[in-house]
Every structure is written in C-alpha cells, then in structure tokens.
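The block underneath contains the structure these notes are about, expressed in structure tokens.
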Amino acid sequence: MSNAGGRFAIDYPNVPGLYAGFRPSDIVRRGTPDGDIVMLRESRFDLSKGLLHKRWTFVTPDGRLVERPSTVKLYTPDRLAALVASVGFAEARVFGGVDGRAIALDSPRCIVVAQRPERA
C-alpha cells in the first residue's frame, strides 16, 4: 500500500539580502480612517546567536505610544533547505519569490518547497 507524500513550503526572509541591505532604523507613516499611524522600527543583529532583534514603536492617531519587541532566528537559504531535509522532506527547492524566481542576493523572500517521499 502506498501513501502519497505530503508537501511543505516555508516563506522566510532572504537573510543574505537582509545583511546586504541592512537598515538599523526605519520610519513609516500609514493613513487609516482614524488618522495616521507612525511606525518606527529599530533593528540590531546578534551575529553570535544568529538573531535579528527589532523594537517596534507605534504612534497611534490619538498620540499613544505602543512598543513591541520581536526577535527572528536567521537562517540562510542553504540552512533552511538542510533543516527541511533533516526532518524527512526531499527535493527541497529554494526560490526568491512566489513567482518562482531563482534565489539571489536581492530576492525579497526565501521560499523553500519540498515533498515528503512516498511510503510503501
């Protein structure tokens, strides 16, 4: 009896591109029906642990400040493909976008697609 193999996909930041185009801070203003929201993002790498730490500060239309931290573990495209393979998926393919483009330094995303081998 044969079971069809499952498929797996992960959409992740393109870490080499993050390194190449790193901006330690950014300010964005977005209009909402209630007024503008201003967002400040401050980022720093912890290269010894492979982490990207961010602090997000939002200024709401009524003037309130809201702060939120975030941390992302950084995996290069080859490492993501190896992790997917290490849990039993095969034929891992790496793309630079949802349009199927090849991964490159300037790719916005790192998308890994793999399939679980069929079992007998």
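By convention in this document, the chains of the structure tokens carry letters A, B, ... by their order, each chain's residues are numbered from 1, and ligands are numbered from 1 in the order they are shown.
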Practice task
Extract, using only C-alpha atoms, all DNA, RNA and protein residues at most 12 Å from range 92-99 of chain A, discarding same-chain residues fewer than 6 positions from it, and format them as a VMD selection string.
Solution key: chain A and resid 7 to 17 76 to 86 105 to 117
Give the strand (DSSP E or B) residues of chain A, as assigned by DSSP on the backbone, as a compact mmCIF listing (two decimals) with all heavy atoms, in the first residue's frame.
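out_28.txt, written as the output of this step:
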# COMPACT_ATOMS: atom_id res chain seq x y z
N ASN A 3 1.26 5.47 0.31
CA ASN A 3 0.67 6.76 0.69
C ASN A 3 1.38 7.87 -0.06
O ASN A 3 2.61 7.89 -0.15
CB ASN A 3 0.86 7.01 2.20
CG ASN A 3 0.07 6.03 3.03
OD1 ASN A 3 -0.97 5.57 2.60
ND2 ASN A 3 0.55 5.73 4.22
N ARG A 7 3.40 17.65 1.09
CA ARG A 7 4.20 18.77 0.61
C ARG A 7 4.39 19.78 1.74
O ARG A 7 3.56 19.89 2.64
CB ARG A 7 3.52 19.45 -0.57
CG ARG A 7 3.46 18.55 -1.77
CD ARG A 7 2.86 19.25 -2.94
NE ARG A 7 2.75 18.32 -4.04
CZ ARG A 7 2.16 18.59 -5.16
NH1 ARG A 7 1.61 19.78 -5.35
NH2 ARG A 7 2.10 17.70 -6.11
N PHE A 8 5.47 20.53 1.63
CA PHE A 8 5.79 21.53 2.65
C PHE A 8 6.37 22.76 1.96
O PHE A 8 7.16 22.64 1.02
CB PHE A 8 6.83 20.97 3.63
CG PHE A 8 7.26 21.94 4.68
CD1 PHE A 8 6.48 22.14 5.81
CD2 PHE A 8 8.42 22.66 4.53
CE1 PHE A 8 6.87 23.05 6.79
CE2 PHE A 8 8.82 23.58 5.51
CZ PHE A 8 8.04 23.76 6.63
N ALA A 9 5.99 23.93 2.43
CA ALA A 9 6.57 25.17 1.93
C ALA A 9 6.75 26.12 3.10
O ALA A 9 5.93 26.15 4.03
CB ALA A 9 5.68 25.80 0.86
N ILE A 10 7.82 26.87 3.06
CA ILE A 10 8.05 27.90 4.07
C ILE A 10 8.46 29.19 3.34
O ILE A 10 9.27 29.15 2.41
CB ILE A 10 9.11 27.47 5.11
CG1 ILE A 10 9.23 28.53 6.21
CG2 ILE A 10 10.44 27.18 4.47
CD1 ILE A 10 10.03 28.07 7.41
N ASP A 11 7.87 30.29 3.75
CA ASP A 11 8.18 31.61 3.21
C ASP A 11 8.93 32.37 4.30
O ASP A 11 8.39 32.60 5.39
CB ASP A 11 6.88 32.32 2.83
CG ASP A 11 7.10 33.69 2.23
OD1 ASP A 11 8.24 34.18 2.20
OD2 ASP A 11 6.10 34.31 1.81
N TYR A 12 10.17 32.73 4.02
CA TYR A 12 11.06 33.27 5.04
C TYR A 12 11.80 34.48 4.47
O TYR A 12 11.97 34.60 3.26
CB TYR A 12 12.07 32.17 5.42
CG TYR A 12 12.70 32.31 6.76
CD1 TYR A 12 11.98 32.02 7.91
CD2 TYR A 12 14.01 32.75 6.89
CE1 TYR A 12 12.56 32.15 9.16
CE2 TYR A 12 14.59 32.89 8.13
CZ TYR A 12 13.86 32.59 9.26
OH TYR A 12 14.44 32.73 10.50
N PRO A 13 12.26 35.38 5.32
CA PRO A 13 13.08 36.49 4.79
C PRO A 13 14.35 35.95 4.12
O PRO A 13 14.89 34.94 4.54
CB PRO A 13 13.44 37.30 6.03
CG PRO A 13 12.44 36.91 7.07
CD PRO A 13 12.05 35.49 6.77
N SER A 25 17.31 51.43 11.24
CA SER A 25 16.03 52.00 11.65
C SER A 25 15.26 52.46 10.42
O SER A 25 15.83 52.68 9.35
CB SER A 25 16.23 53.18 12.62
OG SER A 25 16.93 54.22 11.98
N ASP A 26 13.96 52.59 10.61
CA ASP A 26 13.08 52.99 9.52
C ASP A 26 11.83 53.62 10.13
O ASP A 26 11.36 53.17 11.19
CB ASP A 26 12.69 51.76 8.69
CG ASP A 26 12.20 52.12 7.31
OD1 ASP A 26 12.33 53.28 6.89
OD2 ASP A 26 11.68 51.22 6.63
N ILE A 27 11.31 54.64 9.49
CA ILE A 27 10.06 55.27 9.93
C ILE A 27 9.08 55.22 8.77
O ILE A 27 9.43 55.58 7.64
CB ILE A 27 10.29 56.73 10.37
CG1 ILE A 27 11.23 56.80 11.57
CG2 ILE A 27 8.96 57.41 10.68
CD1 ILE A 27 11.59 58.21 11.99
N VAL A 28 7.86 54.77 9.07
CA VAL A 28 6.81 54.67 8.07
C VAL A 28 5.56 55.33 8.61
O VAL A 28 5.21 55.16 9.78
CB VAL A 28 6.52 53.19 7.72
CG1 VAL A 28 5.37 53.07 6.74
CG2 VAL A 28 7.76 52.51 7.19
N ARG A 29 4.87 56.06 7.76
CA ARG A 29 3.59 56.68 8.12
C ARG A 29 2.51 56.05 7.25
O ARG A 29 2.64 55.99 6.04
CB ARG A 29 3.64 58.19 7.89
CG ARG A 29 2.37 58.92 8.25
CD ARG A 29 2.48 60.40 7.97
NE ARG A 29 3.56 61.04 8.69
CZ ARG A 29 3.46 61.60 9.90
NH1 ARG A 29 2.29 61.62 10.51
NH2 ARG A 29 4.50 62.15 10.48
N ARG A 30 1.46 55.57 7.89
CA ARG A 30 0.34 54.94 7.18
C ARG A 30 -0.96 55.63 7.56
O ARG A 30 -1.24 55.83 8.74
CB ARG A 30 0.20 53.46 7.55
CG ARG A 30 1.36 52.61 7.15
CD ARG A 30 1.19 52.13 5.71
NE ARG A 30 2.16 51.10 5.42
CZ ARG A 30 3.19 51.26 4.61
NH1 ARG A 30 3.38 52.40 4.01
NH2 ARG A 30 4.02 50.28 4.37
N GLY A 31 -1.73 55.96 6.56
CA GLY A 31 -3.03 56.56 6.80
C GLY A 31 -4.07 55.50 7.13
O GLY A 31 -4.06 54.40 6.55
N THR A 32 -4.93 55.78 8.08
CA THR A 32 -6.06 54.91 8.42
C THR A 32 -7.31 55.79 8.46
O THR A 32 -7.21 57.02 8.48
CB THR A 32 -5.87 54.24 9.79
OG1 THR A 32 -6.04 55.21 10.82
CG2 THR A 32 -4.51 53.57 9.91
N GLY A 35 -6.97 58.31 11.18
CA GLY A 35 -5.82 59.20 11.16
C GLY A 35 -4.54 58.43 10.88
O GLY A 35 -4.56 57.21 10.71
N ASP A 36 -3.43 59.13 10.86
CA ASP A 36 -2.14 58.50 10.54
C ASP A 36 -1.59 57.72 11.74
O ASP A 36 -1.72 58.14 12.88
CB ASP A 36 -1.11 59.54 10.15
CG ASP A 36 -1.37 60.11 8.76
OD1 ASP A 36 -2.25 59.59 8.06
OD2 ASP A 36 -0.67 61.06 8.39
N ILE A 37 -0.95 56.60 11.41
CA ILE A 37 -0.16 55.84 12.37
C ILE A 37 1.29 55.95 11.92
O ILE A 37 1.60 55.77 10.75
CB ILE A 37 -0.58 54.36 12.42
CG1 ILE A 37 -2.00 54.23 12.98
CG2 ILE A 37 0.40 53.54 13.24
CD1 ILE A 37 -2.51 52.81 12.99
N VAL A 38 2.17 56.28 12.86
CA VAL A 38 3.60 56.36 12.56
C VAL A 38 4.27 55.15 13.22
O VAL A 38 4.02 54.84 14.38
CB VAL A 38 4.21 57.67 13.09
CG1 VAL A 38 5.71 57.70 12.83
CG2 VAL A 38 3.53 58.88 12.45
N MET A 39 5.11 54.47 12.43
CA MET A 39 5.79 53.29 12.94
C MET A 39 7.30 53.51 12.84
O MET A 39 7.82 53.88 11.78
CB MET A 39 5.42 52.06 12.12
CG MET A 39 6.12 50.80 12.58
SD MET A 39 5.98 49.44 11.41
CE MET A 39 7.04 49.97 10.10
N LEU A 40 8.00 53.31 13.94
CA LEU A 40 9.45 53.35 13.98
C LEU A 40 9.94 51.93 14.26
O LEU A 40 9.50 51.29 15.21
CB LEU A 40 9.95 54.28 15.10
CG LEU A 40 11.44 54.21 15.44
CD1 LEU A 40 12.30 54.64 14.25
CD2 LEU A 40 11.74 55.05 16.66
N ARG A 41 10.83 51.43 13.38
CA ARG A 41 11.43 50.11 13.58
C ARG A 41 12.92 50.30 13.81
O ARG A 41 13.61 50.90 13.00
CB ARG A 41 11.21 49.23 12.35
CG ARG A 41 11.87 47.86 12.50
CD ARG A 41 12.06 47.12 11.20
NE ARG A 41 12.50 47.90 10.08
CZ ARG A 41 13.75 48.27 9.82
NH1 ARG A 41 14.73 47.95 10.64
NH2 ARG A 41 14.05 48.97 8.75
N GLU A 42 13.41 49.78 14.93
CA GLU A 42 14.84 49.81 15.24
C GLU A 42 15.32 48.36 15.29
O GLU A 42 14.73 47.54 15.97
CB GLU A 42 15.07 50.49 16.57
CG GLU A 42 14.60 51.94 16.57
CD GLU A 42 14.61 52.55 17.95
OE1 GLU A 42 13.68 52.24 18.72
OE2 GLU A 42 15.55 53.31 18.23
N SER A 43 16.39 48.07 14.54
CA SER A 43 16.87 46.69 14.40
C SER A 43 18.34 46.58 14.76
O SER A 43 19.12 47.51 14.54
CB SER A 43 16.70 46.22 12.96
OG SER A 43 15.37 46.32 12.54
N ARG A 44 18.69 45.39 15.27
CA ARG A 44 20.11 45.08 15.50
C ARG A 44 20.31 43.58 15.37
O ARG A 44 19.44 42.79 15.73
CB ARG A 44 20.58 45.58 16.86
CG ARG A 44 19.98 44.89 18.04
CD ARG A 44 20.54 45.40 19.37
NE ARG A 44 19.86 44.75 20.47
CZ ARG A 44 20.12 43.53 20.92
NH1 ARG A 44 21.09 42.82 20.38
NH2 ARG A 44 19.44 43.02 21.93
N PHE A 45 21.44 43.21 14.82
CA PHE A 45 21.81 41.81 14.68
C PHE A 45 22.55 41.34 15.93
O PHE A 45 23.33 42.08 16.52
CB PHE A 45 22.74 41.59 13.49
CG PHE A 45 22.07 41.73 12.16
CD1 PHE A 45 22.44 42.74 11.29
CD2 PHE A 45 21.10 40.84 11.75
CE1 PHE A 45 21.84 42.87 10.05
CE2 PHE A 45 20.49 40.96 10.52
CZ PHE A 45 20.87 41.97 9.66
N ASP A 46 22.31 40.11 16.31
CA ASP A 46 23.15 39.39 17.25
C ASP A 46 23.78 38.26 16.44
O ASP A 46 23.22 37.17 16.32
CB ASP A 46 22.33 38.84 18.42
CG ASP A 46 23.18 38.10 19.45
OD1 ASP A 46 24.30 37.66 19.10
OD2 ASP A 46 22.71 37.94 20.59
N LEU A 51 20.53 36.00 15.37
CA LEU A 51 19.23 36.60 15.66
C LEU A 51 19.15 38.02 15.12
O LEU A 51 20.15 38.74 15.05
CB LEU A 51 18.98 36.65 17.17
CG LEU A 51 18.97 35.32 17.90
CD1 LEU A 51 18.87 35.55 19.41
CD2 LEU A 51 17.82 34.44 17.42
N LEU A 52 17.94 38.43 14.77
CA LEU A 52 17.64 39.81 14.43
C LEU A 52 16.62 40.30 15.45
O LEU A 52 15.51 39.78 15.52
CB LEU A 52 17.08 39.93 13.02
CG LEU A 52 16.61 41.31 12.58
CD1 LEU A 52 17.74 42.33 12.63
CD2 LEU A 52 15.99 41.25 11.18
N HIS A 53 17.03 41.27 16.26
CA HIS A 53 16.15 41.86 17.26
C HIS A 53 15.57 43.15 16.70
O HIS A 53 16.31 43.95 16.10
CB HIS A 53 16.92 42.19 18.55
CG HIS A 53 17.52 41.00 19.21
ND1 HIS A 53 16.78 40.08 19.91
CD2 HIS A 53 18.81 40.58 19.27
CE1 HIS A 53 17.58 39.15 20.40
NE2 HIS A 53 18.82 39.42 20.01
N LYS A 54 14.27 43.33 16.92
CA LYS A 54 13.63 44.57 16.47
C LYS A 54 12.80 45.14 17.61
O LYS A 54 12.23 44.40 18.42
CB LYS A 54 12.70 44.31 15.28
CG LYS A 54 13.42 43.85 14.03
CD LYS A 54 12.45 43.69 12.89
CE LYS A 54 13.17 43.19 11.65
NZ LYS A 54 12.27 43.16 10.50
N ARG A 55 12.76 46.46 17.64
CA ARG A 55 11.84 47.14 18.54
C ARG A 55 10.95 48.01 17.68
O ARG A 55 11.42 48.83 16.90
CB ARG A 55 12.57 47.99 19.57
CG ARG A 55 11.57 48.60 20.58
CD ARG A 55 12.23 49.32 21.72
NE ARG A 55 12.85 50.53 21.19
CZ ARG A 55 13.98 51.05 21.64
NH1 ARG A 55 14.65 50.45 22.62
NH2 ARG A 55 14.47 52.15 21.14
N TRP A 56 9.64 47.77 17.80
CA TRP A 56 8.64 48.49 17.03
C TRP A 56 7.96 49.50 17.94
O TRP A 56 7.48 49.15 19.01
CB TRP A 56 7.59 47.51 16.51
CG TRP A 56 8.14 46.38 15.71
CD1 TRP A 56 8.66 45.20 16.18
CD2 TRP A 56 8.25 46.31 14.30
NE1 TRP A 56 9.07 44.40 15.14
CE2 TRP A 56 8.82 45.07 13.96
CE3 TRP A 56 7.90 47.18 13.26
CZ2 TRP A 56 9.06 44.67 12.67
CZ3 TRP A 56 8.13 46.78 11.96
CH2 TRP A 56 8.71 45.54 11.67
N THR A 57 7.93 50.75 17.52
CA THR A 57 7.24 51.79 18.26
C THR A 57 6.19 52.39 17.34
O THR A 57 6.50 52.84 16.23
CB THR A 57 8.20 52.90 18.73
OG1 THR A 57 9.23 52.30 19.52
CG2 THR A 57 7.47 53.94 19.56
N PHE A 58 4.94 52.35 17.80
CA PHE A 58 3.81 52.88 17.03
C PHE A 58 3.27 54.11 17.73
O PHE A 58 3.09 54.11 18.94
CB PHE A 58 2.70 51.84 16.93
CG PHE A 58 3.13 50.55 16.30
CD1 PHE A 58 3.61 49.51 17.09
CD2 PHE A 58 3.10 50.38 14.93
CE1 PHE A 58 4.02 48.31 16.52
CE2 PHE A 58 3.51 49.19 14.35
CZ PHE A 58 3.97 48.15 15.15
N VAL A 59 3.01 55.15 16.96
CA VAL A 59 2.32 56.33 17.46
C VAL A 59 0.94 56.30 16.83
O VAL A 59 0.80 56.40 15.60
CB VAL A 59 3.05 57.65 17.11
CG1 VAL A 59 2.31 58.84 17.69
CG2 VAL A 59 4.49 57.60 17.60
N LEU A 65 1.75 55.99 22.50
CA LEU A 65 2.93 55.22 22.07
C LEU A 65 2.73 53.77 22.46
O LEU A 65 2.41 53.47 23.61
CB LEU A 65 4.20 55.73 22.74
CG LEU A 65 4.74 57.08 22.31
CD1 LEU A 65 5.97 57.43 23.12
CD2 LEU A 65 5.07 57.08 20.83
N VAL A 66 2.93 52.87 21.51
CA VAL A 66 2.83 51.43 21.76
C VAL A 66 4.15 50.82 21.30
O VAL A 66 4.54 51.01 20.15
CB VAL A 66 1.63 50.80 21.00
CG1 VAL A 66 1.58 49.31 21.25
CG2 VAL A 66 0.33 51.48 21.38
N GLU A 67 4.83 50.11 22.19
CA GLU A 67 6.09 49.47 21.85
C GLU A 67 5.97 47.96 21.89
O GLU A 67 5.32 47.42 22.80
CB GLU A 67 7.20 49.93 22.80
CG GLU A 67 7.60 51.37 22.61
CD GLU A 67 8.84 51.74 23.40
OE1 GLU A 67 9.45 50.86 24.03
OE2 GLU A 67 9.19 52.93 23.35
N ARG A 68 6.59 47.29 20.93
CA ARG A 68 6.58 45.84 20.87
C ARG A 68 7.95 45.36 20.40
O ARG A 68 8.46 45.82 19.39
CB ARG A 68 5.54 45.32 19.87
CG ARG A 68 4.11 45.66 20.21
CD ARG A 68 3.62 44.80 21.37
NE ARG A 68 2.22 45.01 21.63
CZ ARG A 68 1.72 45.86 22.51
NH1 ARG A 68 2.52 46.59 23.23
NH2 ARG A 68 0.42 45.97 22.69
N PRO A 69 8.54 44.42 21.13
CA PRO A 69 9.80 43.81 20.67
C PRO A 69 9.51 42.58 19.81
O PRO A 69 8.43 41.98 19.91
CB PRO A 69 10.48 43.40 21.98
CG PRO A 69 9.32 43.07 22.88
CD PRO A 69 8.20 44.02 22.49
N SER A 70 10.45 42.23 18.97
CA SER A 70 10.36 40.97 18.23
C SER A 70 11.77 40.46 17.98
O SER A 70 12.72 41.23 17.93
CB SER A 70 9.60 41.13 16.91
OG SER A 70 10.33 41.91 16.00
N THR A 71 11.88 39.15 17.83
CA THR A 71 13.16 38.52 17.52
C THR A 71 12.92 37.45 16.47
O THR A 71 11.96 36.69 16.56
CB THR A 71 13.78 37.88 18.78
OG1 THR A 71 14.00 38.91 19.76
CG2 THR A 71 15.11 37.21 18.47
N VAL A 72 13.80 37.41 15.48
CA VAL A 72 13.71 36.42 14.40
C VAL A 72 15.02 35.66 14.35
O VAL A 72 16.10 36.27 14.36
CB VAL A 72 13.46 37.10 13.04
CG1 VAL A 72 13.47 36.10 11.91
CG2 VAL A 72 12.15 37.87 13.06
N LYS A 73 14.93 34.33 14.32
CA LYS A 73 16.12 33.49 14.11
C LYS A 73 16.46 33.56 12.62
O LYS A 73 15.58 33.45 11.77
CB LYS A 73 15.82 32.04 14.52
CG LYS A 73 16.97 31.09 14.32
CD LYS A 73 18.07 31.33 15.30
CE LYS A 73 19.15 30.26 15.15
NZ LYS A 73 20.41 30.68 15.72
N ALA A 90 12.20 15.73 0.96
CA ALA A 90 13.19 15.55 -0.09
C ALA A 90 12.97 16.59 -1.19
O ALA A 90 11.94 17.24 -1.25
CB ALA A 90 13.08 14.14 -0.68
N GLU A 91 13.95 16.65 -2.06
CA GLU A 91 13.87 17.52 -3.22
C GLU A 91 13.54 18.97 -2.85
O GLU A 91 12.71 19.61 -3.47
CB GLU A 91 12.85 16.98 -4.23
CG GLU A 91 13.18 15.59 -4.71
CD GLU A 91 12.11 15.03 -5.64
OE1 GLU A 91 11.43 15.83 -6.31
OE2 GLU A 91 11.98 13.81 -5.69
N ALA A 92 14.19 19.47 -1.82
CA ALA A 92 13.96 20.86 -1.40
C ALA A 92 14.45 21.80 -2.50
O ALA A 92 15.56 21.69 -2.99
CB ALA A 92 14.68 21.15 -0.09
N ARG A 93 13.55 22.69 -2.90
CA ARG A 93 13.89 23.70 -3.90
C ARG A 93 13.76 25.07 -3.24
O ARG A 93 12.85 25.29 -2.46
CB ARG A 93 12.97 23.59 -5.11
CG ARG A 93 13.19 22.27 -5.87
CD ARG A 93 12.22 22.10 -7.00
NE ARG A 93 10.87 22.03 -6.42
CZ ARG A 93 9.76 22.28 -7.09
NH1 ARG A 93 9.80 22.62 -8.36
NH2 ARG A 93 8.58 22.19 -6.50
N VAL A 94 14.68 25.96 -3.58
CA VAL A 94 14.71 27.29 -2.97
C VAL A 94 14.43 28.33 -4.05
O VAL A 94 15.05 28.32 -5.11
CB VAL A 94 16.09 27.55 -2.32
CG1 VAL A 94 16.14 28.94 -1.70
CG2 VAL A 94 16.40 26.48 -1.28
N PHE A 95 13.50 29.23 -3.75
CA PHE A 95 13.10 30.28 -4.68
C PHE A 95 13.26 31.64 -4.00
O PHE A 95 13.24 31.76 -2.78
CB PHE A 95 11.65 30.10 -5.13
CG PHE A 95 11.38 28.80 -5.79
CD1 PHE A 95 10.82 27.75 -5.09
CD2 PHE A 95 11.72 28.60 -7.12
CE1 PHE A 95 10.57 26.53 -5.71
CE2 PHE A 95 11.48 27.39 -7.75
CZ PHE A 95 10.91 26.34 -7.03
N ALA A 102 14.63 32.49 -9.23
CA ALA A 102 15.78 31.91 -8.53
C ALA A 102 16.17 32.81 -7.35
O ALA A 102 16.03 34.03 -7.42
CB ALA A 102 16.96 31.75 -9.49
N ARG A 109 12.34 37.42 -0.76
CA ARG A 109 11.96 36.31 0.10
C ARG A 109 12.86 35.12 -0.16
O ARG A 109 13.55 35.06 -1.17
CB ARG A 109 10.50 35.88 -0.17
CG ARG A 109 9.47 36.98 -0.14
CD ARG A 109 9.34 37.69 1.17
NE ARG A 109 9.01 36.77 2.26
CZ ARG A 109 9.20 37.06 3.54
NH1 ARG A 109 9.71 38.20 3.90
NH2 ARG A 109 8.89 36.19 4.47
N CYS A 110 12.79 34.14 0.74
CA CYS A 110 13.43 32.84 0.57
C CYS A 110 12.32 31.81 0.77
O CYS A 110 11.83 31.65 1.89
CB CYS A 110 14.55 32.64 1.58
SG CYS A 110 15.24 30.97 1.52
N ILE A 111 11.92 31.17 -0.30
CA ILE A 111 10.83 30.21 -0.23
C ILE A 111 11.39 28.82 -0.50
O ILE A 111 12.00 28.59 -1.55
CB ILE A 111 9.72 30.57 -1.22
CG1 ILE A 111 9.16 31.95 -0.86
CG2 ILE A 111 8.63 29.50 -1.23
CD1 ILE A 111 8.19 32.52 -1.84
N VAL A 112 11.20 27.93 0.45
CA VAL A 112 11.67 26.55 0.31
C VAL A 112 10.45 25.66 0.14
O VAL A 112 9.51 25.73 0.94
CB VAL A 112 12.49 26.10 1.53
CG1 VAL A 112 12.94 24.64 1.38
CG2 VAL A 112 13.70 27.01 1.74
N VAL A 113 10.47 24.85 -0.91
CA VAL A 113 9.37 23.92 -1.21
C VAL A 113 9.97 22.52 -1.27
O VAL A 113 10.99 22.31 -1.93
CB VAL A 113 8.69 24.27 -2.55
CG1 VAL A 113 7.59 23.28 -2.88
CG2 VAL A 113 8.17 25.70 -2.54
N ALA A 114 9.33 21.58 -0.58
CA ALA A 114 9.84 20.19 -0.56
C ALA A 114 8.65 19.23 -0.47
O ALA A 114 7.51 19.65 -0.26
CB ALA A 114 10.77 19.98 0.62
N GLN A 115 8.95 17.95 -0.64
CA GLN A 115 7.90 16.94 -0.57
C GLN A 115 8.39 15.77 0.26
O GLN A 115 9.55 15.38 0.20
CB GLN A 115 7.54 16.46 -1.99
CG GLN A 115 6.40 15.48 -1.97
CD GLN A 115 5.75 15.35 -3.34
OE1 GLN A 115 5.95 16.18 -4.20
NE2 GLN A 115 4.98 14.30 -3.51
N ARG A 119 5.66 6.62 0.96
CA ARG A 119 6.00 5.44 1.76
C ARG A 119 5.28 4.22 1.18
O ARG A 119 4.15 4.32 0.74
CB ARG A 119 5.54 5.62 3.20
CG ARG A 119 6.27 6.71 3.90
CD ARG A 119 5.86 6.74 5.33
NE ARG A 119 5.68 8.14 5.72
CZ ARG A 119 5.27 8.52 6.88
NH1 ARG A 119 4.94 7.65 7.80
NH2 ARG A 119 5.15 9.79 7.17
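The gap separating CA of Tyr75 in chain A from CA of Val87 in chain A is 15.9 Å, in Å to one decimal.
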Out of range 6-106 of chain A, which residues get alpha helix (DSSP H) from DSSP, as a short mmCIF file (atom, residue, chain, number, x, y, z; two decimals) with C-alpha atoms, in the first residue's frame?
data_model
loop_
_atom_site.label_atom_id
_atom_site.label_comp_id
_atom_site.auth_asym_id
_atom_site.auth_seq_id
_atom_site.Cartn_x
_atom_site.Cartn_y
_atom_site.Cartn_z
CA VAL A 15 18.75 36.55 5.13
CA PRO A 16 21.71 37.30 2.80
CA GLY A 17 19.64 40.17 1.40
CA LEU A 18 18.87 41.39 4.93
CA TYR A 19 22.58 41.53 5.69
CA ALA A 20 23.40 43.28 2.41
CA PRO A 77 18.68 29.58 2.21
CA ASP A 78 21.01 26.57 2.30
CA ARG A 79 20.43 26.11 6.04
CA LEU A 80 16.64 26.23 5.61
CA ALA A 81 16.82 23.60 2.88
CA ALA A 82 19.04 21.42 5.11
CA LEU A 83 16.61 21.76 8.04
CA VAL A 84 13.69 20.73 5.83
CA ALA A 85 15.69 17.71 4.59
CA SER A 86 16.67 16.77 8.16
#
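Among the candidates A:Gly5, A:Leu74, A:Pro33, A:Arg64, the residue lying nearest to Gly50 in chain A is A:Leu74 (atoms considered: only C-alpha atoms).
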